[in-house]
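See structure below.
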2 protein chains.
Amino acid sequence: MKGCRFFRQKGVHDRMGELTGLFRPGSLAVIGASRARGKIGNAIMRNIIESGYQGKIYPINPKEKEIEGLTSYPSIGAVPGDVDMAVISVPASKVLVAAGECGEKGVKALTVITAGFKETGKEGLDLEKKLLKTCHCYGMQMLGPNCVGLLDTHTPINASFAATFPIKGDIAFLSQSGAILLAILDWSSAAGLGFSKVVSLGNKADLSEIDFIQDAANDPYTRVILCYIEDIVDGARFLEVAGQAARKKPVIVLKSGVSQAGAQAASSHTGALAGSDLAYTTAFAQCGIIRARSMTELFDLAMAFSKSVIPAGNRVAIVTNSGGPGIIATDNVEQKGLAMARFDKKTIEDMRANLPQEAGIYNPVDVLGDAGVERFEFALEKVMIDPNVDSVLFLLCPTAVTRPVEISQALIRVRDAHPDKPVFAAYTGGKCLAEGVEILSSAGIPCFTFPEPAIECIRGLYNYSLYRRGAETAENGVSVKPDKKTVKAVFYDVIKDRRLTLMGSEAAEVASAYGIPAAPVILTTNPEEAVAAAGELGYPVVLKVASPKIMHKTDVGGVKIGIQTPEEVRLAFIEIMESVHRYLPKVIIYGIEVQKMMPKGTELIVGMTRDVQFGPLIAFGLGGIYVNLFKDVAFRLADGLTGTRQIEEMLTETKAYTLLRGYRGESPRDIAAVVDVIRRTARLVTDFPEINEIDINPLFAYEKGLSALDIKITIS
Amino acid sequence: MKGCRFFRQKGVHDRMGELTGLFRPGSLAVIGASRARGKIGNAIMRNIIESGYQGKIYPINPKEKEIEGLTSYPSIGAVPGDVDMAVISVPASKVLVAAGECGEKGVKALTVITAGFKETGKEGLDLEKKLLKTCHCYGMQMLGPNCVGLLDTHTPINASFAATFPIKGDIAFLSQSGAILLAILDWSSAAGLGFSKVVSLGNKADLSEIDFIQDAANDPYTRVILCYIEDIVDGARFLEVAGQAARKKPVIVLKSGVSQAGAQAASSHTGALAGSDLAYTTAFAQCGIIRARSMTELFDLAMAFSKSVIPAGNRVAIVTNSGGPGIIATDNVEQKGLAMARFDKKTIEDMRANLPQEAGIYNPVDVLGDAGVERFEFALEKVMIDPNVDSVLFLLCPTAVTRPVEISQALIRVRDAHPDKPVFAAYTGGKCLAEGVEILSSAGIPCFTFPEPAIECIRGLYNYSLYRRGAETAENGVSVKPDKKTVKAVFYDVIKDRRLTLMGSEAAEVASAYGIPAAPVILTTNPEEAVAAAGELGYPVVLKVASPKIMHKTDVGGVKIGIQTPEEVRLAFIEIMESVHRYLPKVIIYGIEVQKMMPKGTELIVGMTRDVQFGPLIAFGLGGIYVNLFKDVAFRLADGLTGTRQIEEMLTETKAYTLLRGYRGESPRDIAAVVDVIRRTARLVTDFPEINEIDINPLFAYEKGLSALDIKITIS
């Protein structure tokens with residue numbers, strides 16, 4: 001390719017961590033600029049100019065001399081100075097040529113508005129690939145194609161066709177849907193929500209949410225990162241980048257669309273339990289992303305994180321001027337896992353001395369319907385300075401004497417005097433309270449109509465504080481020293497045998513190589529071998545038919561348990577063979593597995609299923625035959641699952657943990673050994689990406705030690 | 001009492017089912033009417049006049065000749081004509097005298113605004129009791145005291161001090177909180193919500209939510225009944241009345257405040273499982289009340305039920321002009337247990353023939369961002385007439401060419417042509433769409449900013465339709481023929497013995513008397529008796545110490561199982577006695593219970609806990625020692641729990657049901673027998689209100705029949 005300066009792989013530029021060319025270009029060109037009002041090429045020109053953008057602007061249009069008062073150039077090559085960024089809004093068929101010309105000119109970044117690429121089918125996808133290749137070749141970053149553009153309120157720049165330029169603020173909003181982006185811009189002005197930057201991700205051919213999250217994490221003007229996404233292309237990098245970002249500032253994501261993980265026919269218990277959306281939930285939680293469950297919640301949380309400080313704990317104080325809302329809010333605080341603050345003695349004494357006798361002086365504080373501004377301010381001040389209070393919720397209902405404006409001003413004074421504690425408000429009413437609400441919003445105190453969304457916000461802030469605290473005290477993992485050679489040897493045999501499922505003896509060997517305490521198994525092919533194996537393992541033993549084709553061995557008489565003597569072994573061997581042949585005359589049988597019969601312990605499951613986006617997910621929970629009935633399972637990403645506390649926390653999410661600690665007077669089980677098996681399983685599936693699924697079920701837990709009775713491993 | 005015409009018990013008037021005196025009085029007096037603006041006695045006068053009330057209005061004030069242009073009278077006795085209703089707003093100390101004068105005058109109903117009664121403590125409570133007695137004596141109905149008053153937009157009348165008279169509509173709103181009532185009135189005008197009547201319940205000394213629900217159920221102007229309540233005084237009557245109302249029209253309740261049921265120390269499993277809020281949840285569900293979980297939901301549902309028809313099924317069609325919101329809504333429809341409609345072939349063919357190639361022609365239908373009004377109307381019309389669609393959700397985002405006003409008008413035309421299907425809208429945006437939203441609201445199409453609340457409303461409507469359908473096909477219960485005499489005899493002995501807990505043998509006798517298949521138990525006091533009992537029952541047997549003081553018999557060596565011979569019985573008897581005496585030297589032992597050892601079956605629990613409001617609650621679920629770990633239990637009110645389908649539905653809410661049907665190839669259990677035991681337990685606890693708690697755990701279920709192994713009964 002002519003003039004191609006270097007060949008850049010997708011994802012290289014982001015390591016440089018700079019999207020200056022897009023957000024703060026020294027100069028920019030609009031290819032496809034137009035004089036005609038109503039055309040996108042005109043809207044973009046006008047938006048750039050009206051946004052107050054300070055750099056040079058070059059409209060490019062071969063048919064025009066001047067557009068919106070600026071000299072127009074026939075091509076980007078004809079522009080006299082350097083061009084940092086080009087916005088391309090020409091028909092799809094002309095984009096490739098335009099991009100090439102930009103490359104020749106030395107443009108650093110492209111924003112391709114034009115649609116008609118991947119989203120239209122195969123031809124469009126081919127065109128998109130060519131466009132991406134051009135960008136790589138010239139080392140240009142690209143936003144889009146098929147996008148609305150981008151805005152930055154601090155540069156300022158509006159390189160988009162969005163009609164609304166938002167209020168300046170500290171929320172970076174990245175949206176995979178252009179329609180949602182436009183709708184939210186329109187809505188946000190009315191809602192008083194300010195943005196630092198807004199990016200329409202489009203087809204994400206080059207730059208994706210990953211790059212913009214990374215950029216926003218480093219952007220001093222951005223306090224909250226907000227994403228609407230429908231898919232994630234590179235799960236591993238997303239987790240790395242978003243995890244780093246979440247340690248710096250809140251990352252709130254609304255992820256819609258069903259994950260593809262569940263689309264694979266799930267042949268394992270673990271796979272069936274994981275379901276379609278679980279990988280996202282697990283991955284987001286693990287890297288500290290706050291997952292919004294609805295658009296309402298996405299923007300409520302955005303407002304909360306943008307306007308509020310993070311509470312030090314979960315203890316909420318409520319101040320109200322009426323009983324009903326106080327009761328509703330108290331219920332809701334408890335339902336949401338927050339706590340009603342128990343006031344300091346001093347606070348209660350002050351309240352008792354200064355509030356009317358009928359007032360509620362405990363939490364919730366009810367200053368009564370006839371409260372004047374002083375009484376509101378007194379109560380608010382007292383709860384703010386109480387050391388047992390972490391956040392304050394103020395509820396106002398209109399009464400005959402309520403003066404919302406003065407009350408709002410009092411609340412602002414109290415908040416300003418104590419800026420370390422979050423303050424939220426719910427003003428339930430209409431016209432009466434509108435001005436008071438307005439004043440709070442302007443002063444950055446989030447104010448809702450009803451108490452519940454305010455409490456939801458406090459919960460969101462508190463949960464994030466927990467994550468931050470956890471991340472700060474991150475522990476060192478414990479390393480595992482595995483015997484990889486044995487695993488490779490087993491897999492070699494399985495592959496040679498053209499199988500995808502390991503036999504029980506093979507699975508036990510693989511597990512043992514990673515220090516997972518598999519009950520010993522020996523594959524035998526005749527009764528005498530079986531007797532010898534039983535002698536070696538020690539009685540009693542279990543005999544099981546070994547065949548990759550038989551899923552439910554018990555159903556075909558393929559299992560005999562509690563075998564005590566050599567004579568019983570011989571008999572069992574023959575009976576199993578006869579029974580299986582009767583049920584399945586043509587099935588291939590590899591022999592009979594002899595397994596040492598282990599004492600019964602607490603039945604657990606440890607398993608792994610592989611998600612297409614985020615890789616292996618480790619499952620832990622209650623095992624045995626009821627695993628699918630109770631679905632008592634916790635999941636974690638295998639990657640990095642090494643810390644003891646981290647794994648213990650996973651255990652505590654299950655009811656199985658209650659059993660392990662010793663349920664109803666039983667002695668506790670070997671929790672440390674369970675933690676170790678989970679760690680070793682995680683390491684095994686990370687070391688061998690060809691492992692598709694693992695089920696260790698049941699894994700018996702004893703007072704001392706464990707025993708993995710049945711291990712299923714499939715590879716791909 | 002002088003002039004007392006008849007003595008009326010609380011609750012008598014409601015059988016007459018008429019609150020005409022309150023809502024449609026031919027004439028009314030305001031006792032405590034005032035000329036002074038800002039006083040409540042003036043606000044009430046002005047509100048009544050301004051509401052357009054057509055009857056005679058008599059202000060009562062000994063110091064005035066004229067108030068708000070009307071002749072004032074010194075006392076109600078001085079009024080020339082009849083007075084149907086009196087609003088009392090005088091100081092608390094004067095209310096009693098005023099009420100007495102009203103009684104003498106023949107007033108039918110009082111609305112007592114004045115505060116200072118029960119809510120202030122013991123003295124106030126006494127005053128309230130006297131007031132109530134006066135009302136009863138004269139046969140007057142009373143609303144309040146300590147309330148805001150009442151409004152009826154159809155009479156019209158505003159006998160309250162609320163500053164806002166609401167829009168005329170079809171929602172009856174009953175609120176136990178005056179503040180919430182005032183706040184909602186203020187808010188509703190802006191939100192476009194109309195009311196038929198609004199009642200501030202106050203202290204509910206006489207009339208309560210029960211009376212007003214009954215009235216609203218019969219009111220032709222009311223389509224939806226909305227309640228905010230903090231407590232329910234008469235649970236049984238509430239259920240009866242609200243249940244009848246719910247069969248006529250939707251009853252939506254926000255219940256706040258924690259129930260007192262949980263405050264009793266729960267000594268049984270069933271009690272511990274029930275928790276504090278469960279009785280309300282169970283009772284509401286069973287009588288068809290829709291329970292709102294937040295104020296937002298209360299009013300969203302009110303709007304939905306007021307403005308929308310009920311869908312015939314759960315199949316939702318979505319029409320959108322952009323992909324993102326369509327995806328979000330699709331996810332949400334499925335999460336909420338609704339279904340995305342699968343269009344008829346004809347619909348898809350029509351869409352394909354008439355929409356652009358890039359449009360989404362399956363559900364969700366994406367008419368694309370450039371859609372003109374015709375395209376919207378075409379797509380909406382097609383999904384409306386599709387027989388596989390039960391409700392329609394329309395999503396709009398602003399684009400450059402979107403014309404919200406015309407689009408809203410098109411949606412209204414389509415809805416008007418097909419009024420049988422519910423239509424909801426979410427217009428995501430701000431100023432751009434405001435006029436379009438306005439038009440929809442005026443036409444009675446609920447329109448939200450984001451899709452999720454709209455879907456929540458559709459779910460609420462659908463769930464109500466399910467209840468209505470269930471109620472229409474109500475089955476006849478199966479009756480139980482119990483042996484009450486035996487139960488009475490056992491309870492007689494227990495009471496004489498000053499115990500509250502039945503021994504195992506007694507509990508088994510009580511259960512057997514009601515046809516519950518208790519494993520036979522004989523109480524014995526020496527080894528030879530025990531041998532004789534074992535001989536009678538047949539071996540193997542179980543021996544258990546019998547003592548009302550020993551809760552955990554196994555822990556003190558009080559249980560021996562699998563006893564096969566008379567010799568073993570003798571030995572076991574002595575060993576148990578020795579062991580128990582060693583652990584608990586001073587405990588009272590009644591003897592040893594010999595129980596026939598039953599084969600192991602599927603372990604279930606059937607139990608009962610008594611709620612202070614709603615009476616006995618029957619529990620069914622997974623039994624055994626893990627009952628508190630898994631909490632796999634469904635609850636129903638015992639009252640009326642007789643129908644087979646009704647009880648089967650209760651079973652299906654549990655995982656235990658999956659086991660009963662035959663889990664993983666096991667043969668199914670005797671579900672009919674389980675249903676019968678639940679029915680018989682419900683009858684037992686209804687017949688004997690002194691039974692406080694029952695735990696039948698485990699109840700073994702077999703392929704044929706059941707066996708109740710351990711039955712605990714406490715009485716009070």
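As shown in the structure tokens, the chain order sets the letters A, B, ...; within each chain, residues go from 1, and ligands are also counted from 1 in the order they appear.
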**Request:** For chain A, work out the contacting residues on chain B at 7 Å, counting only C-alpha atoms, and write them as a PyMOL selection string.
**Result:** chain B and resi 177+179-180+182-184+186-187+190+256-257+294-296+322+324-325+327-328+331+397-398+428-432+450+452+629+655
Prev. selection, C-alpha atoms, output as an mmCIF file, in the first residue's frame:
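Saved the output as again29.cif:
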```cif
data_model
loop_
_atom_site.group_PDB
_atom_site.id
_atom_site.type_symbol
_atom_site.label_atom_id
_atom_site.label_comp_id
_atom_site.auth_asym_id
_atom_site.auth_seq_id
_atom_site.Cartn_x
_atom_site.Cartn_y
_atom_site.Cartn_z
ATOM 1 C CA SER B 177 -50.693 8.735 56.010
ATOM 2 C CA ALA B 179 -48.688 13.523 54.458
ATOM 3 C CA ILE B 180 -48.504 10.976 51.653
ATOM 4 C CA LEU B 182 -51.247 15.533 50.407
ATOM 5 C CA ALA B 183 -47.997 14.845 48.586
ATOM 6 C CA ILE B 184 -49.689 12.597 46.068
ATOM 7 C CA ASP B 186 -49.846 17.702 44.671
ATOM 8 C CA TRP B 187 -47.884 15.310 42.465
ATOM 9 C CA ALA B 190 -48.515 17.164 37.167
ATOM 10 C CA SER B 256 -45.255 -0.470 54.930
ATOM 11 C CA GLY B 257 -44.124 -1.135 58.468
ATOM 12 C CA SER B 294 -42.460 1.004 46.249
ATOM 13 C CA MET B 295 -44.280 4.278 45.865
ATOM 14 C CA THR B 296 -43.097 4.496 42.269
ATOM 15 C CA SER B 322 -33.958 2.060 17.056
ATOM 16 C CA GLY B 324 -30.735 -0.394 21.427
ATOM 17 C CA PRO B 325 -33.984 0.272 23.268
ATOM 18 C CA ILE B 327 -32.805 -4.988 22.833
ATOM 19 C CA ILE B 328 -33.115 -3.569 26.346
ATOM 20 C CA ASP B 331 -34.262 -8.561 27.741
ATOM 21 C CA CYS B 397 -36.130 7.774 20.380
ATOM 22 C CA PRO B 398 -35.667 11.197 18.828
ATOM 23 C CA THR B 428 -36.757 8.250 25.683
ATOM 24 C CA GLY B 429 -35.758 11.855 25.371
ATOM 25 C CA GLY B 430 -36.422 15.326 26.718
ATOM 26 C CA LYS B 431 -37.702 18.508 25.107
ATOM 27 C CA CYS B 432 -37.816 16.944 21.620
ATOM 28 C CA PHE B 450 -37.577 4.348 29.800
ATOM 29 C CA GLU B 452 -38.653 -0.935 31.985
ATOM 30 C CA LEU B 629 -30.900 -24.289 55.181
ATOM 31 C CA LYS B 655 -38.484 -27.681 44.737
#
```
Can you write out as a tab-separated table which residues of region 130-246 of chain A fall within 10 Å of region 99-113 of chain A, alongside each residue's closest atom pair and its distance in Å to one decimal, counting only C-alpha atoms and ordering rows by chain and ascending residue number?
```
residue	atom	partner	partner_atom	distance
A:Leu131	CA	A:Ala99	CA	7.2
A:Leu132	CA	A:Ala99	CA	9.5
A:Thr134	CA	A:Gly100	CA	6.4
A:Cys135	CA	A:Gly103	CA	7.3
A:His136	CA	A:Gly103	CA	9.6
A:Cys137	CA	A:Gly103	CA	8.2
A:Tyr138	CA	A:Gly103	CA	5.2
A:Gly139	CA	A:Lys108	CA	7.2
A:Met140	CA	A:Lys108	CA	5.0
A:Gln141	CA	A:Ala109	CA	4.5
A:Met142	CA	A:Leu110	CA	4.6
A:Leu143	CA	A:Thr111	CA	4.7
A:Gly144	CA	A:Val112	CA	5.1
A:Pro145	CA	A:Val112	CA	4.6
A:Asn146	CA	A:Ile113	CA	5.2
A:Cys147	CA	A:Ile113	CA	4.9
A:Val148	CA	A:Ile113	CA	5.9
A:Gly149	CA	A:Ile113	CA	6.3
A:Leu150	CA	A:Thr111	CA	8.1
A:Ala159	CA	A:Thr111	CA	8.2
A:Ser160	CA	A:Ile113	CA	8.0
A:Phe161	CA	A:Ile113	CA	8.8
A:Ser200	CA	A:Ile113	CA	9.5
A:Leu201	CA	A:Thr111	CA	9.9
A:Gly202	CA	A:Ile113	CA	8.3
A:Asn203	CA	A:Val112	CA	9.9
```
**Request:** Find the residue from B:Lys345, B:Phe614, B:Ala682, B:Met351 that sits nearest to Asp231 (chain B); use only C-alpha atoms when measuring.
**Result:**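 Checking each of B:Lys345, B:Phe614, B:Ala682, B:Met351 against Asp231 (chain B), counting only C-alpha atoms, the winner is B:Phe614.
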**Message:** as a ChimeraX atom specification, please: the residues near region 593-604 of chain A (cut-off 8 Å, only C-alpha atoms, same-chain neighbours under 3 positions excluded).
**Reply:** /A:504-505,519-524,530,533-534,537-546,561-562,620-624,656,659-660,669,697-702,707,709
**Prompt:** Can you tell me how far CA of His418 (chain A) sits from CA of Val383 (chain A), in Å to one decimal?
**Reply:**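 Distance reported for this atom pair: 10.7 Å.
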**Request:** Find the residues around Glu64 (chain B) up to 10 Å (only C-alpha atoms counted), leave out those fewer than 2 positions away in its own chain, and share them as an MDAnalysis selection string.
**Result:** chainID B and resid 33:35 59:62 66:67 71:74
**Prompt:** as a PyMOL selection string, which residues of region 391-621 of chain B does DSSP assign to alpha helix (DSSP H)?
**Reply:** chain B and resi 404-417+431-442+451-472+484-496+504-513+527-537+566-583
**Fill in**
Of A:Val580, A:Ile618, A:Ala353, A:Ile691, the one nearest to Val487 (chain A) when counting only C-alpha atoms is A:Ile691
**Request:** Compile the contact shell of Cys447 (chain B) as a list in words: residues with an atom at most 8 Å away, counting only C-alpha atoms, same-chain residues fewer than 3 positions apart removed.
**Result:**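 That gives Phe424, Ala425, Ala426, Tyr427, Val437, Leu440, Ser441 and Ala454 of chain B.
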Residues from the last selection, N, CA and C atoms, saved as a PDB file, in the first residue's frame:
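Saved file again-v6.pdb follows:
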```pdb
ATOM      1  N   PHE B 424     -48.675   0.432  25.613  1.00  0.00           N
ATOM      2  CA  PHE B 424     -47.828   1.262  26.460  1.00  0.00           C
ATOM      3  C   PHE B 424     -46.733   1.884  25.604  1.00  0.00           C
ATOM      4  N   ALA B 425     -46.207   3.013  26.083  1.00  0.00           N
ATOM      5  CA  ALA B 425     -45.157   3.677  25.313  1.00  0.00           C
ATOM      6  C   ALA B 425     -44.014   4.087  26.224  1.00  0.00           C
ATOM      7  N   ALA B 426     -42.799   4.112  25.655  1.00  0.00           N
ATOM      8  CA  ALA B 426     -41.660   4.731  26.329  1.00  0.00           C
ATOM      9  C   ALA B 426     -41.005   5.652  25.326  1.00  0.00           C
ATOM     10  N   TYR B 427     -41.049   6.938  25.617  1.00  0.00           N
ATOM     11  CA  TYR B 427     -40.420   7.937  24.755  1.00  0.00           C
ATOM     12  C   TYR B 427     -39.148   8.385  25.484  1.00  0.00           C
ATOM     13  N   VAL B 437     -45.356  13.170  24.235  1.00  0.00           N
ATOM     14  CA  VAL B 437     -45.689  12.498  25.492  1.00  0.00           C
ATOM     15  C   VAL B 437     -47.006  13.036  26.033  1.00  0.00           C
ATOM     16  N   LEU B 440     -50.036  11.666  24.226  1.00  0.00           N
ATOM     17  CA  LEU B 440     -50.341  10.298  24.628  1.00  0.00           C
ATOM     18  C   LEU B 440     -51.034  10.274  25.987  1.00  0.00           C
ATOM     19  N   SER B 441     -50.474  11.025  26.933  1.00  0.00           N
ATOM     20  CA  SER B 441     -51.043  11.035  28.279  1.00  0.00           C
ATOM     21  C   SER B 441     -52.492  11.487  28.257  1.00  0.00           C
ATOM     22  N   ALA B 454     -42.694   0.529  31.901  1.00  0.00           N
ATOM     23  CA  ALA B 454     -43.832   0.148  31.057  1.00  0.00           C
ATOM     24  C   ALA B 454     -44.009  -1.364  31.092  1.00  0.00           C
TER      25      ALA B 454
END
```
**Prompt:** Any idea what's packed within 7 Å of Ala29 (chain A), counting only C-alpha atoms, ignoring anything in its chain fewer than 6 positions away? Could you give it as a list in words?
**Reply:**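 That gives Ile57, Tyr58, Pro59, Ile60, Val83, Met85, Ala86 and Val87 of chain A.
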Now that the selection is made, can you save its residues with N, CA and C atoms as an mmCIF file, in the first residue's frame?
```
data_model
loop_
_atom_site.group_PDB
_atom_site.id
_atom_site.type_symbol
_atom_site.label_atom_id
_atom_site.label_comp_id
_atom_site.auth_asym_id
_atom_site.auth_seq_id
_atom_site.Cartn_x
_atom_site.Cartn_y
_atom_site.Cartn_z
ATOM 1 N N ILE A 57 -10.631 24.374 11.657
ATOM 2 C CA ILE A 57 -11.666 23.504 11.088
ATOM 3 C C ILE A 57 -11.599 23.609 9.571
ATOM 4 N N TYR A 58 -11.445 22.457 8.915
ATOM 5 C CA TYR A 58 -11.380 22.438 7.458
ATOM 6 C C TYR A 58 -12.547 21.647 6.889
ATOM 7 N N PRO A 59 -13.539 22.334 6.311
ATOM 8 C CA PRO A 59 -14.573 21.583 5.590
ATOM 9 C C PRO A 59 -14.004 21.064 4.263
ATOM 10 N N ILE A 60 -14.350 19.817 3.925
ATOM 11 C CA ILE A 60 -13.875 19.231 2.665
ATOM 12 C C ILE A 60 -15.089 18.907 1.809
ATOM 13 N N VAL A 83 -3.607 18.126 9.807
ATOM 14 C CA VAL A 83 -4.948 17.785 10.282
ATOM 15 C C VAL A 83 -4.822 16.627 11.285
ATOM 16 N N MET A 85 -7.525 15.272 13.161
ATOM 17 C CA MET A 85 -8.672 14.353 13.119
ATOM 18 C C MET A 85 -9.550 14.681 11.936
ATOM 19 N N ALA A 86 -10.089 13.633 11.307
ATOM 20 C CA ALA A 86 -11.042 13.845 10.219
ATOM 21 C C ALA A 86 -12.351 13.155 10.566
ATOM 22 N N VAL A 87 -13.442 13.900 10.428
ATOM 23 C CA VAL A 87 -14.772 13.313 10.562
ATOM 24 C C VAL A 87 -15.233 12.982 9.149
#
```
Could you pull the residues within 8 Å of Val319 (chain B), counting only C-alpha atoms, minus those fewer than 2 positions along the same chain, as a CSV table (one decimal) with C-alpha atoms, in the first residue's frame?
```csv
chain,number,residue,atom,x,y,z
B,317,ALA,CA,-45.0,-7.1,20.8
B,321,ASN,CA,-37.4,3.1,15.8
B,326,GLY,CA,-35.5,-2.7,21.5
B,363,ASN,CA,-40.3,-9.0,17.3
B,364,PRO,CA,-39.0,-6.4,18.2
B,365,VAL,CA,-40.1,-4.6,15.0
B,366,ASP,CA,-37.5,-1.9,14.2
B,367,VAL,CA,-39.0,0.6,11.8
B,379,ALA,CA,-46.2,-1.5,11.9
B,380,LEU,CA,-48.3,-0.7,14.9
B,392,VAL,CA,-48.0,-3.7,22.5
B,393,LEU,CA,-45.1,-1.6,23.7
B,394,PHE,CA,-44.0,1.3,21.5
B,395,LEU,CA,-40.5,2.7,21.9
```
